[in-house]
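For reference, work.cif is printed below; it contains mmCIF, C-alpha atoms.
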data_my_file
loop_
_atom_site.group_PDB
_atom_site.id
_atom_site.type_symbol
_atom_site.label_atom_id
_atom_site.label_comp_id
_atom_site.auth_asym_id
_atom_site.auth_seq_id
_atom_site.Cartn_x
_atom_site.Cartn_y
_atom_site.Cartn_z
ATOM 1 C CA MET A 17 0.000 0.000 0.000
ATOM 2 C CA ALA A 18 2.873 2.433 0.830
ATOM 3 C CA ARG A 19 4.452 1.792 -2.560
ATOM 4 C CA ASN A 20 1.210 2.618 -4.376
ATOM 5 C CA SER A 21 0.770 5.882 -2.361
ATOM 6 C CA SER A 22 4.275 7.098 -3.186
ATOM 7 C CA GLY A 23 3.603 6.466 -6.895
ATOM 8 C CA VAL A 24 0.459 8.604 -6.691
ATOM 9 C CA VAL A 25 2.405 11.384 -4.932
ATOM 10 C CA VAL A 26 5.186 11.317 -7.551
ATOM 11 C CA ALA A 27 2.631 11.343 -10.389
ATOM 12 C CA GLY A 28 0.841 14.302 -8.745
ATOM 13 C CA LEU A 29 4.083 16.250 -8.305
ATOM 14 C CA THR A 30 5.095 15.543 -11.907
ATOM 15 C CA ALA A 31 1.714 16.704 -13.236
ATOM 16 C CA GLY A 32 1.932 19.879 -11.126
ATOM 17 C CA ALA A 33 5.443 20.624 -12.374
ATOM 18 C CA LEU A 34 4.383 20.130 -16.015
ATOM 19 C CA ALA A 35 1.400 22.450 -15.519
ATOM 20 C CA ALA A 36 3.655 25.131 -14.002
ATOM 21 C CA VAL A 37 6.166 24.864 -16.868
ATOM 22 C CA GLY A 38 3.338 25.075 -19.424
ATOM 23 C CA PHE A 39 1.894 28.157 -17.729
ATOM 24 C CA LEU A 40 5.309 29.881 -17.641
ATOM 25 C CA ALA A 41 5.878 29.071 -21.322
ATOM 26 C CA TYR A 42 2.470 30.544 -22.171
ATOM 27 C CA GLN A 43 3.294 33.738 -20.228
ATOM 28 C CA ALA A 44 6.667 34.043 -21.981
ATOM 29 C CA SER A 45 5.115 33.688 -25.436
ATOM 30 C CA ALA A 46 2.383 36.221 -24.615
ATOM 31 C CA ALA A 47 5.007 38.695 -23.361
ATOM 32 C CA ASN A 48 6.813 38.978 -26.718
ATOM 33 C CA ASP A 49 4.942 42.169 -27.631
ATOM 34 C CA LYS A 50 5.681 43.645 -24.216
ATOM 35 C CA ARG A 51 9.425 43.002 -24.263
ATOM 36 C CA PRO A 52 11.305 46.235 -23.537
ATOM 37 C CA VAL A 53 13.760 47.187 -26.247
ATOM 38 C CA ARG A 54 16.510 49.756 -26.484
ATOM 39 C CA PRO A 55 15.520 53.162 -27.839
ATOM 40 C CA VAL A 56 16.391 53.621 -31.495
ATOM 41 C CA HIS A 57 17.622 57.195 -31.262
ATOM 42 C CA ALA A 58 19.173 57.310 -27.805
ATOM 43 C CA ALA A 59 20.587 60.701 -26.942
ATOM 44 C CA ALA A 60 24.373 60.947 -26.799
ATOM 45 C CA SER A 61 24.188 62.643 -23.395
ATOM 46 C CA PRO A 62 21.444 63.174 -20.824
ATOM 47 C CA THR A 63 21.048 66.802 -21.967
ATOM 48 C CA ALA A 64 21.048 66.114 -25.724
ATOM 49 C CA GLN A 65 17.672 66.275 -27.449
ATOM 50 C CA PRO A 66 16.688 64.442 -30.652
ATOM 51 C CA SER A 67 16.480 66.753 -33.651
ATOM 52 C CA GLY A 68 13.053 65.495 -34.766
ATOM 53 C CA LYS A 69 14.300 65.135 -38.365
ATOM 54 C CA ALA A 70 13.847 61.863 -40.170
ATOM 55 C CA LYS A 71 16.881 59.572 -40.176
ATOM 56 C CA ASP A 72 18.102 57.205 -42.851
ATOM 57 C CA ASP A 73 19.424 53.686 -42.318
ATOM 58 C CA LYS A 74 22.834 55.122 -41.352
ATOM 59 C CA GLY A 75 21.316 57.400 -38.674
ATOM 60 C CA LYS A 76 21.952 60.560 -40.708
ATOM 61 C CA PRO A 77 19.317 63.154 -41.659
ATOM 62 C CA MET A 78 17.414 61.977 -44.743
ATOM 63 C CA ASP A 79 17.416 63.557 -48.146
ATOM 64 C CA PRO A 80 14.068 65.432 -48.268
ATOM 65 C CA ASP A 81 13.074 63.465 -51.403
ATOM 66 C CA LYS A 82 13.508 60.190 -49.552
ATOM 67 C CA ALA A 83 11.942 61.511 -46.338
ATOM 68 C CA ALA A 84 8.487 61.767 -47.897
ATOM 69 C CA PRO A 85 6.685 58.477 -48.451
ATOM 70 C CA PRO A 86 5.343 57.766 -51.962
ATOM 71 C CA ALA A 87 2.121 59.459 -53.031
ATOM 72 C CA GLY A 88 -0.955 57.295 -52.554
ATOM 73 C CA SER A 89 0.531 55.408 -49.594
ATOM 74 C CA GLY A 90 -2.280 56.106 -47.154
ATOM 75 C CA THR A 91 -2.655 58.471 -44.230
ATOM 76 C CA GLY A 92 -2.009 58.441 -40.498
ATOM 77 C CA LYS A 93 0.530 56.384 -38.598
ATOM 78 C CA ARG A 94 1.774 53.619 -40.872
ATOM 79 C CA VAL A 95 4.667 51.655 -42.328
ATOM 80 C CA VAL A 96 5.053 52.189 -46.078
ATOM 81 C CA TYR A 97 6.891 49.516 -48.070
ATOM 82 C CA ALA A 98 7.710 50.427 -51.691
ATOM 83 C CA LEU A 99 8.435 47.197 -53.572
ATOM 84 C CA GLY A 100 10.206 48.840 -56.534
ATOM 85 C CA GLN A 101 12.477 50.978 -54.371
ATOM 86 C CA LYS A 102 13.052 48.225 -51.769
ATOM 87 C CA ARG A 103 12.525 50.988 -49.201
ATOM 88 C CA VAL A 104 10.470 51.398 -46.042
ATOM 89 C CA TRP A 105 9.202 54.571 -44.367
ATOM 90 C CA LEU A 106 7.990 54.762 -40.769
ATOM 91 C CA VAL A 107 5.359 57.523 -40.925
ATOM 92 C CA GLY A 108 3.909 59.117 -37.793
ATOM 93 C CA ALA A 109 0.349 60.351 -37.265
ATOM 94 C CA ASP A 110 1.616 63.820 -38.250
ATOM 95 C CA GLU A 111 2.346 62.480 -41.779
ATOM 96 C CA LYS A 112 6.117 62.931 -41.299
ATOM 97 C CA ALA A 113 8.532 60.051 -41.837
ATOM 98 C CA THR A 114 10.646 59.449 -38.750
ATOM 99 C CA ARG A 115 12.882 56.933 -40.517
ATOM 100 C CA SER A 116 13.421 55.494 -43.982
ATOM 101 C CA PHE A 117 15.676 52.624 -44.946
ATOM 102 C CA THR A 118 16.314 50.068 -47.632
ATOM 103 C CA VAL A 119 15.401 46.420 -47.157
ATOM 104 C CA ALA A 120 16.299 43.104 -48.783
ATOM 105 C CA PRO A 121 13.170 41.353 -50.090
ATOM 106 C CA SER A 122 12.813 37.602 -50.292
ATOM 107 C CA SER A 123 11.670 35.345 -53.124
ATOM 108 C CA VAL A 124 7.968 36.289 -52.783
ATOM 109 C CA SER A 125 6.645 39.839 -52.338
ATOM 110 C CA PRO A 126 3.293 40.873 -50.890
ATOM 111 C CA ALA A 127 0.706 42.269 -53.292
ATOM 112 C CA PRO A 128 0.299 46.043 -53.121
ATOM 113 C CA GLY A 129 -2.440 47.002 -50.681
ATOM 114 C CA ALA A 130 -3.297 47.734 -47.066
ATOM 115 C CA TYR A 131 -2.339 45.347 -44.269
ATOM 116 C CA THR A 132 -1.974 45.500 -40.486
ATOM 117 C CA VAL A 133 0.597 44.016 -38.124
ATOM 118 C CA THR A 134 -0.841 40.645 -37.121
ATOM 119 C CA SER A 135 1.894 39.240 -34.871
ATOM 120 C CA ARG A 136 5.357 39.961 -33.506
ATOM 121 C CA ASP A 137 8.192 37.918 -32.021
ATOM 122 C CA ALA A 138 11.325 39.235 -30.350
ATOM 123 C CA THR A 139 13.396 36.344 -31.741
ATOM 124 C CA GLY A 140 12.950 33.295 -33.901
ATOM 125 C CA THR A 141 14.191 31.390 -36.906
ATOM 126 C CA GLY A 142 13.436 32.659 -40.405
ATOM 127 C CA SER A 143 11.860 30.466 -43.050
ATOM 128 C CA ASP A 144 15.356 30.285 -44.546
ATOM 129 C CA GLY A 145 16.717 28.776 -41.300
ATOM 130 C CA VAL A 146 18.578 31.931 -40.181
ATOM 131 C CA PRO A 147 18.215 33.167 -36.562
ATOM 132 C CA ILE A 148 16.256 36.451 -36.638
ATOM 133 C CA GLU A 149 15.066 39.158 -34.255
ATOM 134 C CA HIS A 150 12.408 41.897 -34.122
ATOM 135 C CA VAL A 151 9.929 39.981 -36.285
ATOM 136 C CA VAL A 152 6.891 42.024 -37.404
ATOM 137 C CA ARG A 153 4.403 39.973 -39.488
ATOM 138 C CA PHE A 154 1.642 41.561 -41.534
ATOM 139 C CA GLY A 155 0.186 39.226 -44.132
ATOM 140 C CA ARG A 156 -0.076 35.912 -45.935
ATOM 141 C CA ASP A 157 -0.689 35.104 -49.586
ATOM 142 C CA ALA A 158 -3.039 32.487 -51.024
ATOM 143 C CA THR A 159 -0.269 29.863 -51.032
ATOM 144 C CA GLY A 160 0.472 30.343 -47.317
ATOM 145 C CA VAL A 161 3.654 32.448 -47.616
ATOM 146 C CA VAL A 162 3.832 34.732 -44.558
ATOM 147 C CA PHE A 163 5.158 38.266 -45.030
ATOM 148 C CA GLY A 164 7.070 40.078 -42.347
ATOM 149 C CA PHE A 165 9.970 42.333 -41.514
ATOM 150 C CA SER A 166 12.900 41.003 -39.493
ATOM 151 C CA ALA A 167 16.614 41.399 -38.938
ATOM 152 C CA ALA A 168 18.997 38.467 -39.254
ATOM 153 C CA VAL A 169 21.148 38.153 -36.156
ATOM 154 C CA ASP A 170 24.170 37.517 -38.413
ATOM 155 C CA GLY A 171 23.253 40.442 -40.723
ATOM 156 C CA SER A 172 22.532 38.210 -43.737
ATOM 157 C CA SER A 173 19.847 38.813 -46.363
ATOM 158 C CA PRO A 174 17.439 36.267 -47.842
ATOM 159 C CA ASP A 175 18.238 34.841 -51.263
ATOM 160 C CA PRO A 176 15.703 36.417 -53.656
ATOM 161 C CA LYS A 177 16.399 33.603 -56.167
ATOM 162 C CA SER A 178 15.824 30.826 -53.651
ATOM 163 C CA PRO A 179 13.584 28.029 -54.919
ATOM 164 C CA LYS A 180 11.984 28.019 -51.451
ATOM 165 C CA LYS A 181 9.122 30.530 -51.340
ATOM 166 C CA THR A 182 9.649 32.856 -48.391
ATOM 167 C CA GLY A 183 8.200 36.244 -47.504
ATOM 168 C CA ALA A 184 10.979 37.569 -45.284
ATOM 169 C CA ILE A 185 11.812 41.248 -45.717
ATOM 170 C CA ARG A 186 15.180 41.735 -44.047
ATOM 171 C CA GLU A 187 16.383 44.871 -42.311
ATOM 172 C CA THR A 188 19.630 45.781 -40.593
ATOM 173 C CA PRO A 189 19.594 45.208 -36.823
ATOM 174 C CA ALA A 190 19.229 48.975 -36.167
ATOM 175 C CA ASP A 191 16.344 49.259 -38.640
ATOM 176 C CA GLY A 192 14.774 46.125 -37.163
ATOM 177 C CA ARG A 193 14.790 47.736 -33.694
ATOM 178 C CA ALA A 194 13.200 50.893 -35.149
ATOM 179 C CA MET A 195 10.495 48.831 -36.872
ATOM 180 C CA TRP A 196 9.889 46.836 -33.670
ATOM 181 C CA GLU A 197 9.368 49.989 -31.616
ATOM 182 C CA PHE A 198 7.162 51.638 -34.255
ATOM 183 C CA ALA A 199 5.034 48.799 -35.651
ATOM 184 C CA THR A 200 3.057 47.436 -32.737
ATOM 185 C CA ARG A 201 0.131 45.064 -33.268
ATOM 186 C CA ASN A 202 -2.551 46.458 -35.648
ATOM 187 C CA THR A 203 -0.265 49.196 -37.036
ATOM 188 C CA LYS A 204 -1.120 49.879 -40.699
ATOM 189 C CA ILE A 205 1.275 48.548 -43.338
ATOM 190 C CA MET A 206 0.874 50.034 -46.817
ATOM 191 C CA VAL A 207 2.567 48.120 -49.644
ATOM 192 C CA VAL A 208 2.986 50.096 -52.868
ATOM 193 C CA GLY A 209 4.516 49.158 -56.233
#

As structure tokens, how would this structure be written, given the file I've shared?
Amino acid sequence: MARNSSGVVVAGLTAGALAAVGFLAYQASAANDKRPVRPVHAAASPTAQPSGKAKDDKGKPMDPDKAAPPAGSGTGKRVVYALGQKRVWLVGADEKATRSFTVAPSSVSPAPGAYTVTSRDATGTGSDGVPIEHVVRFGRDATGVVFGFSAAVDGSSPDPKSPKKTGAIRETPADGRAMWEFATRNTKIMVVG
């Protein structure tokens, strides 16, 4: 009888431990959107103030022609992705771009149109097998290819001629952090030609 009771106790403790681990894993996955990240434009000193001018992918003030998003790219706070230019603009509610940078598209591009950010992950593995960070997903095509912005931890770009159909749009790590801070869930993404 004592042997049977100890088996029940061990089984109960094991089940409790598995439930606790499952709950903690669920909390960790739900916290991805709440993960604090470093500011993109940290001031050089405590007294320095940001200039408010849009920055390019090198952190320098943008050429005014590149600072403005393409005509017909929507209104309000949004991310604008111009397929032909391979360029992204982060546009505030005031209609001013706070950042613009080039990206490396993958083998499949999203169709022009309006999307919203559907999910985010702080880290992961890209569909090409490369470790990535600051993943911001916004769409899926009819064949199941998922589109999203991310930065490869090793700085690599996806192979646009890959036979594997992927929808990764790669950014530099600095641009990935800027996108992560700007494009929270349900942020508008406008894809233009």

Point to revise | Near-A:Gly183 list (8 Å; only C-alpha atoms; drop same-chain fewer than 5 positions) as an MDAnalysis selection string | key: chainID A and resid 121:126 161:164

Check your understanding: Of the residues A:Gly140, A:Gly160, A:Gly209, A:Gly171, which is the one nearest to A:Asp191, using all atoms listed in the file?
Key -> A:Gly171

**Study point:** Shortest interatomic distance to A:Gly192 - which of A:Arg115, A:Lys177, A:Arg156, A:Lys204, counting only C-alpha atoms
**Key:**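 For A:Gly192, the nearest of the given residues is A:Arg115.
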
**Study point:** Chain and number of each residue from the PyMOL selection byres ((chain A and resi 135) around 9), as a ChimeraX atom specification
**Key:** /A:49,133-134,136-137,151-154,200-202

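For the pair atom CA of A:Glu197 and atom CA of A:Gly142, the interatomic distance is 19.9 Å.
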
Review point. Between A:Thr203, A:Ser166, A:Ser178, A:Ser89, which has the minimum distance to A:Gly129 (counting all atoms listed in the file)?
Key: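 For A:Gly129, the nearest of the candidates is A:Ser89.
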
Review point. Which residue out of A:Ala190, A:Ala184, A:Gly92, A:Val107 has the minimum interatomic distance to A:Val146 when all atoms listed in the file are used?
Key: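 Ranked by minimum distance to A:Val146, first place goes to A:Ala184.
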
Check your understanding: So how far away is atom CA of A:Glu111 from atom CA of A:Ala168, in Å?
Key ->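 Atom CA of A:Glu111 lies 29.3 Å from atom CA of A:Ala168.
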
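Nearest residue to A:Pro179 among A:Asp144, A:Arg193, A:Phe117, A:Ala199 is A:Asp144, counting only C-alpha atoms.
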
**Study point:** Selection: 6 Å around A:Tyr97, only C-alpha atoms, excl. self and same-chain fewer than 6 positions, as a list in words
**Key:**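 Close residues of A:Tyr97: Arg103, Val104 and Val207 of chain A.
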
Check your understanding: Do you have the atom CA of A:Pro147-atom CA of A:Ala113 distance handy?
Key ->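 Computing the Euclidean distance for atom CA of A:Pro147 and atom CA of A:Ala113 yields 29.1 Å.
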
Report as AutoDock Vina command-line options the centre and the edge lengths, in Å to one decimal, of the axis-aligned box holding every listed atom of stretch 142-145 of chain A, padded by 6 Å on each side.
--center_x 14.3 --center_y 30.7 --center_z -42.5 --size_x 16.9 --size_y 15.9 --size_z 16.1

**Study point:** Nearest-residue call for A:Asp175, choices A:Ala194, A:Ala120, A:Val96, A:Ala83, using only C-alpha atoms
**Key:**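 Ranked by minimum distance to A:Asp175, first place goes to A:Ala120.
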
Point to revise | Test item: the PyMOL selection byres ((chain A and resi 86) around 9) resolved as a count of residues only | key: 9
